[in-house]
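Student: What follows is a structure written as structure tokens; I'll ask about it next.
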Amino acid sequence: MDKFRLAQINKYNVIRCLIRESPINRAIIAKRTELSIPTVMSIVNTLCEKGFIRSIGKGKSSGGKPPEMLEIVADRLFYIGVDIGRTTIRIVANDAMSRQIACLREPTGKTIPERAFVERLSRLIIKFTSSIHAEKSRIMGVGVAMPGLIENGTGKVLFSPDFEWVNVPLKVWLEKLLPFYLLVENANRVLALNESVSAKMDEPLYTTFAVNLGYGIGGALVIGEDLYKGASGSSGEIGHFIINREGPLCKCGNRGCLESLSSGAAIALQAQEAVRKGIPTKIAGLAGKESAIDAACVFRAANLGDKTALKIIGRAAENIGIGLSMAINLLDPDRLILCGGLMKNGPLFFEKIKTSIGKHTMWQAGREVVISIGIKGEYSTANGACRVLADKLWENRNLPI
């Protein structure tokens, strides 16, 4: 490894430590990063000169001279994260401390024709960046999280079943419309990274499989703090595990995929079909009309004891548990984190999924796995896009510090 690259890595590790644990002193930074005190001092001095970090006075003494405490200058730079969901677009701005300082949500609306959608998206991003009143030079870039298969390096959407996009050069189009550095990554990956990375540098590194259970279903594997993408960039597509070969046609072209059986979209379709068939249910009354039925209506009806809704939800949880048991059998992760809109509907659904996992996981497999619900909120994917963007900028040596 060349000296410049090593210096960049060392600088990044110092900054990452400051981001996670500010205020902090030089000795603790050296301990966390496993760098020498002289190396840390040199990096800190450079960062202070460039206005990226500052001293905030003396800390508590542990027996000797009180240490000088340091912190990031939060408004030194900003990252923009964009989560393109099938129903909602979410945009955030993160400061240099990786704290969300502003957010925006808008209905996704029509996504075809693709170019018209991308032009509308670019106008939304420009409007949002203007609203945070930051100098353009301080906005380091825009990270875009998109569902579907994303070509490594190019940001081209090879295939997005939910959007019905094929070979859409999303990054190239946005670069022509926006005055910022652009990164496009799979939405499930950035969500997984944001949910799995610890706030403390000295905590253990885990292997985490995070699953997004929403309008669609997808997952991603994080090993330590690194995303696993696979040879062609298509890893994590748990939504297209085939659970029932005689099941409904999936947008990917196969039958009986987990997504076609148990996603938010699938739950809504099953409820709409039940209403059309005249099956007794409270779902239609809660929605107002058949076309307005969505997964949230089904969960509300289930919480009221509606038998049809409970059956649909129970079947979805069973199938999700089967798919997750396959992932556990294959990967044997330390942690399994369930995220997305479907996990916002109370503990019953989560418990049903865990019961199904327990029934279908191979005996003794995954016995160490800890199963939990994502805790970082509805903007977690957009914030994850900021995190991946920052990492990429450091990798490309493209930050002005």
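Going through the structure tokens in order, the chains are called A, B, and so on, while each chain numbers its residues from 1 and the ligands are numbered from 1 in the order shown.
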May I have the residues within 10 Å of Gly323 in chain A as a list in words, using only C-alpha atoms and disregarding those fewer than 5 positions away in the same chain?
Tutor: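 Neighbouring residues, sequence-local ones excluded: Ile238, Gly239, His240, Phe241, Ile242, Ile243, Cys257, Leu258, Glu259, Ala317, Glu318, Ile328, Ser356, Ile357, His360 and Thr361 of chain A.
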Student: Please produce a file of the residues just selected, as a PDB file, in the first residue's frame, where the atoms kept are C-alpha atoms.
Tutor:
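See out.pdb below for the written result:
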```pdb
ATOM      1  CA  ILE A 238     -33.985 -12.704  -0.159  1.00  0.00           C
ATOM      2  CA  GLY A 239     -37.273 -11.391  -1.558  1.00  0.00           C
ATOM      3  CA  HIS A 240     -36.712 -13.616  -4.556  1.00  0.00           C
ATOM      4  CA  PHE A 241     -36.180 -16.838  -2.647  1.00  0.00           C
ATOM      5  CA  ILE A 242     -38.808 -19.152  -4.125  1.00  0.00           C
ATOM      6  CA  ILE A 243     -41.051 -20.299  -1.283  1.00  0.00           C
ATOM      7  CA  CYS A 257     -41.052 -15.599  -4.565  1.00  0.00           C
ATOM      8  CA  LEU A 258     -41.167 -14.447  -0.952  1.00  0.00           C
ATOM      9  CA  GLU A 259     -41.847 -10.897  -2.168  1.00  0.00           C
ATOM     10  CA  ALA A 317     -45.280 -14.041   8.765  1.00  0.00           C
ATOM     11  CA  GLU A 318     -45.009 -17.793   8.190  1.00  0.00           C
ATOM     12  CA  ILE A 328     -29.807 -18.264   8.681  1.00  0.00           C
ATOM     13  CA  SER A 356     -41.777 -19.434  11.999  1.00  0.00           C
ATOM     14  CA  ILE A 357     -37.991 -19.026  11.981  1.00  0.00           C
ATOM     15  CA  HIS A 360     -37.959 -23.937   9.901  1.00  0.00           C
ATOM     16  CA  THR A 361     -34.318 -23.312  10.795  1.00  0.00           C
TER      17      THR A 361
END
```
Student: What lies within 6 Å of Asp95 in chain A using only C-alpha atoms, ignoring chain neighbours under 4 positions off, as a list in words?
Tutor: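 My reading of the contact set: Ala74, Asp75, Phe78 and Arg99 of chain A.
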Student: With N, CA and C atoms kept, could you save the residues just selected as a PDB file, in the first residue's frame?
Tutor:
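Once written, selection38.pdb looks like this:
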```pdb
ATOM      1  N   ALA A  74     -19.169  20.626  13.225  1.00  0.00           N
ATOM      2  CA  ALA A  74     -20.281  19.913  12.585  1.00  0.00           C
ATOM      3  C   ALA A  74     -20.692  20.497  11.240  1.00  0.00           C
ATOM      4  N   ASP A  75     -20.659  21.840  11.111  1.00  0.00           N
ATOM      5  CA  ASP A  75     -21.135  22.448   9.872  1.00  0.00           C
ATOM      6  C   ASP A  75     -20.020  22.670   8.849  1.00  0.00           C
ATOM      7  N   PHE A  78     -21.364  18.738   4.604  1.00  0.00           N
ATOM      8  CA  PHE A  78     -22.668  18.078   4.660  1.00  0.00           C
ATOM      9  C   PHE A  78     -22.759  16.993   3.594  1.00  0.00           C
ATOM     10  N   ARG A  99     -24.939  13.506  11.838  1.00  0.00           N
ATOM     11  CA  ARG A  99     -26.227  13.769  12.470  1.00  0.00           C
ATOM     12  C   ARG A  99     -27.186  14.328  11.429  1.00  0.00           C
TER      13      ARG A  99
END
```
Student: Sorted by chain and rising residue number, list the residues of range 37-108 of chain A at most 12 Å from range 161-166 of chain A (counting only C-alpha atoms), each with its closest atom pair and distance in Å to one decimal, as CSV.
Tutor:
```
residue,atom,partner,partner_atom,distance
A:Ile84,CA,A:Phe163,CA,10.2
A:Gly85,CA,A:Asp162,CA,9.2
A:Arg86,CA,A:Asp162,CA,6.7
A:Thr87,CA,A:Asp162,CA,10.1
A:Thr108,CA,A:Phe163,CA,10.5
```
Student: Generate the output file for the selected residues, N, CA and C atoms, as a short mmCIF file (atom, residue, chain, number, x, y, z; two decimals), in the first residue's frame.
Tutor:
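Now in part-v2.cif:
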```cif
data_model
loop_
_atom_site.label_atom_id
_atom_site.label_comp_id
_atom_site.auth_asym_id
_atom_site.auth_seq_id
_atom_site.Cartn_x
_atom_site.Cartn_y
_atom_site.Cartn_z
N ILE A 84 -35.14 6.40 -2.47
CA ILE A 84 -36.23 6.34 -3.46
C ILE A 84 -37.05 5.09 -3.17
N GLY A 85 -38.10 5.24 -2.39
CA GLY A 85 -39.00 4.13 -2.10
C GLY A 85 -40.11 4.06 -3.13
N ARG A 86 -40.78 2.94 -3.19
CA ARG A 86 -41.82 2.77 -4.20
C ARG A 86 -43.00 3.71 -3.95
N THR A 87 -43.26 4.04 -2.71
CA THR A 87 -44.38 4.94 -2.43
C THR A 87 -43.92 6.31 -1.94
N THR A 108 -43.71 9.26 -4.09
CA THR A 108 -42.87 8.90 -5.23
C THR A 108 -43.57 9.22 -6.55
#
```
Student: Might you pull out every residue within 7 Å of Asp306 in chain A, with only C-alpha atoms counted and same-chain residues fewer than 3 positions away left off, and present them as JSON, numbers by chain?
Tutor: {"A": [281, 282, 301, 302, 309, 310]}
Student: Tell me which of A:Glu106, A:Glu114, A:Asp2, A:Glu273 sits closest to Val82 in chain A, counting only C-alpha atoms.
Tutor: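 Under the stated criterion, the closest residue is A:Glu106.
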Student: What's around Cys386 in chain A at 10 Å? Count only C-alpha atoms, leave out sequence neighbours fewer than 5 positions away in its own chain, and write the answer as a ChimeraX atom specification.
Tutor: /A:78-82,92-95,98-100,140-145,183,190,194,380-381,391-392
Student: I need the residue nearest Gly155 in chain A from this list: A:Ala210, A:Ile89, A:Glu119, A:Gly233. Use only C-alpha atoms for the distance.
Tutor: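 Nearest to Gly155 in chain A: A:Gly233.
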Student: Enumerate the residues of range 88-333 of chain A with a DSSP assignment of helix (DSSP H, G or I), computed from the backbone, and present them as an MDAnalysis selection string.
Tutor: chainID A and resid 114:131 136:138 170:177 187:196 238:240 258:262 264:276 283:287 290:292 295:303 307:331
Student: Using only C-alpha atoms, can you tell me which of A:Leu393, A:Asp332, A:Lys311, A:Gln364 comes closest to Tyr181 in chain A?
Tutor: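 Of the candidates, the smallest distance to Tyr181 in chain A is held by A:Leu393.
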Student: With a distance cut-off of 9 Å and only C-alpha atoms, select the neighbouring residues of Pro333 in chain A, excluding the residue or stretch itself and same-chain residues fewer than 5 positions from it, and output the selection as a VMD selection string.
Tutor: chain A and resid 206 to 209 221 327 to 328 366 368 to 370
Student: Rank A:Pro23, A:Gly218, A:Gly346, A:Gly358 by their smallest atom-to-atom distance to Gly321 in chain A, using only C-alpha atoms, and report the top residue only.
Tutor: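 Of all the options, A:Gly358 lies closest to Gly321 in chain A.
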Student: For Phe159 in chain A, which residue among A:Lys229, A:Arg138, A:Arg245, A:Lys251 is the nearest when counting only C-alpha atoms?
Tutor: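 Closest to Phe159 in chain A, using only C-alpha atoms: A:Lys251.
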Student: Considering only C-alpha atoms, return as a PDB file with N, CA and C atoms, in the first residue's frame whatever protein or nucleic-acid residues lie within 12 Å of Leu348 in chain A, sequence-local ones (same chain, fewer than 5 positions apart) excluded.
Tutor:
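Done, and the output landed in around20.pdb:
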```pdb
ATOM      1  N   PHE A 299     -53.300  -4.676   8.646  1.00  0.00           N
ATOM      2  CA  PHE A 299     -52.806  -4.769  10.022  1.00  0.00           C
ATOM      3  C   PHE A 299     -53.787  -4.144  11.013  1.00  0.00           C
ATOM      4  N   ALA A 302     -56.481  -6.611  11.489  1.00  0.00           N
ATOM      5  CA  ALA A 302     -55.987  -7.739  12.292  1.00  0.00           C
ATOM      6  C   ALA A 302     -55.952  -7.375  13.771  1.00  0.00           C
ATOM      7  N   ASN A 303     -55.547  -6.140  14.072  1.00  0.00           N
ATOM      8  CA  ASN A 303     -55.503  -5.698  15.470  1.00  0.00           C
ATOM      9  C   ASN A 303     -56.895  -5.595  16.092  1.00  0.00           C
ATOM     10  N   LEU A 310     -56.250 -11.484   9.971  1.00  0.00           N
ATOM     11  CA  LEU A 310     -55.325 -12.297  10.767  1.00  0.00           C
ATOM     12  C   LEU A 310     -54.759 -13.455   9.947  1.00  0.00           C
ATOM     13  N   ILE A 313     -52.120 -11.959   7.494  1.00  0.00           N
ATOM     14  CA  ILE A 313     -50.917 -11.573   8.224  1.00  0.00           C
ATOM     15  C   ILE A 313     -50.162 -12.797   8.728  1.00  0.00           C
ATOM     16  N   GLY A 314     -50.898 -13.775   9.223  1.00  0.00           N
ATOM     17  CA  GLY A 314     -50.269 -14.994   9.725  1.00  0.00           C
ATOM     18  C   GLY A 314     -49.539 -15.749   8.628  1.00  0.00           C
ATOM     19  N   ALA A 317     -46.319 -13.830   7.751  1.00  0.00           N
ATOM     20  CA  ALA A 317     -45.280 -14.041   8.765  1.00  0.00           C
ATOM     21  C   ALA A 317     -44.666 -15.432   8.634  1.00  0.00           C
ATOM     22  N   LEU A 342     -43.395  -2.933   7.373  1.00  0.00           N
ATOM     23  CA  LEU A 342     -44.175  -4.019   7.970  1.00  0.00           C
ATOM     24  C   LEU A 342     -43.841  -4.239   9.436  1.00  0.00           C
ATOM     25  N   MET A 343     -42.658  -3.793   9.853  1.00  0.00           N
ATOM     26  CA  MET A 343     -42.253  -4.000  11.242  1.00  0.00           C
ATOM     27  C   MET A 343     -42.764  -2.895  12.166  1.00  0.00           C
ATOM     28  N   ILE A 353     -43.183 -14.064  13.123  1.00  0.00           N
ATOM     29  CA  ILE A 353     -42.021 -14.325  12.265  1.00  0.00           C
ATOM     30  C   ILE A 353     -40.983 -15.145  13.026  1.00  0.00           C
ATOM     31  N   LYS A 354     -40.698 -14.761  14.266  1.00  0.00           N
ATOM     32  CA  LYS A 354     -39.708 -15.505  15.058  1.00  0.00           C
ATOM     33  C   LYS A 354     -40.150 -16.948  15.290  1.00  0.00           C
ATOM     34  N   THR A 355     -41.449 -17.143  15.504  1.00  0.00           N
ATOM     35  CA  THR A 355     -41.959 -18.515  15.682  1.00  0.00           C
ATOM     36  C   THR A 355     -41.725 -19.334  14.424  1.00  0.00           C
TER      37      THR A 355
END
```
Student: Figure out the distance between CA of Lys3 in chain A and CA of Gly153 in chain A, please, to one decimal in Å.
Tutor: 25.0 Å
Student: Apply DSSP to the structure's backbone, then extract all residues of range 215-382 of chain A labelled strand (DSSP E or B) and return them as a ChimeraX atom specification.
Tutor: /A:217-223,226-228,242,249,255,257,335-339,370-373
Student: For CA of Phe350 in chain A and CA of Gly384 in chain A, determine how far apart the two atoms are, in Å to one decimal place.
Tutor: 23.4 Å
Student: From the set A:Ala27, A:Ala316, A:Ile337, A:Met41, which residue has the shortest atom-to-atom contact distance to Gly219 in chain A, counting only C-alpha atoms?
Tutor: A:Ile337
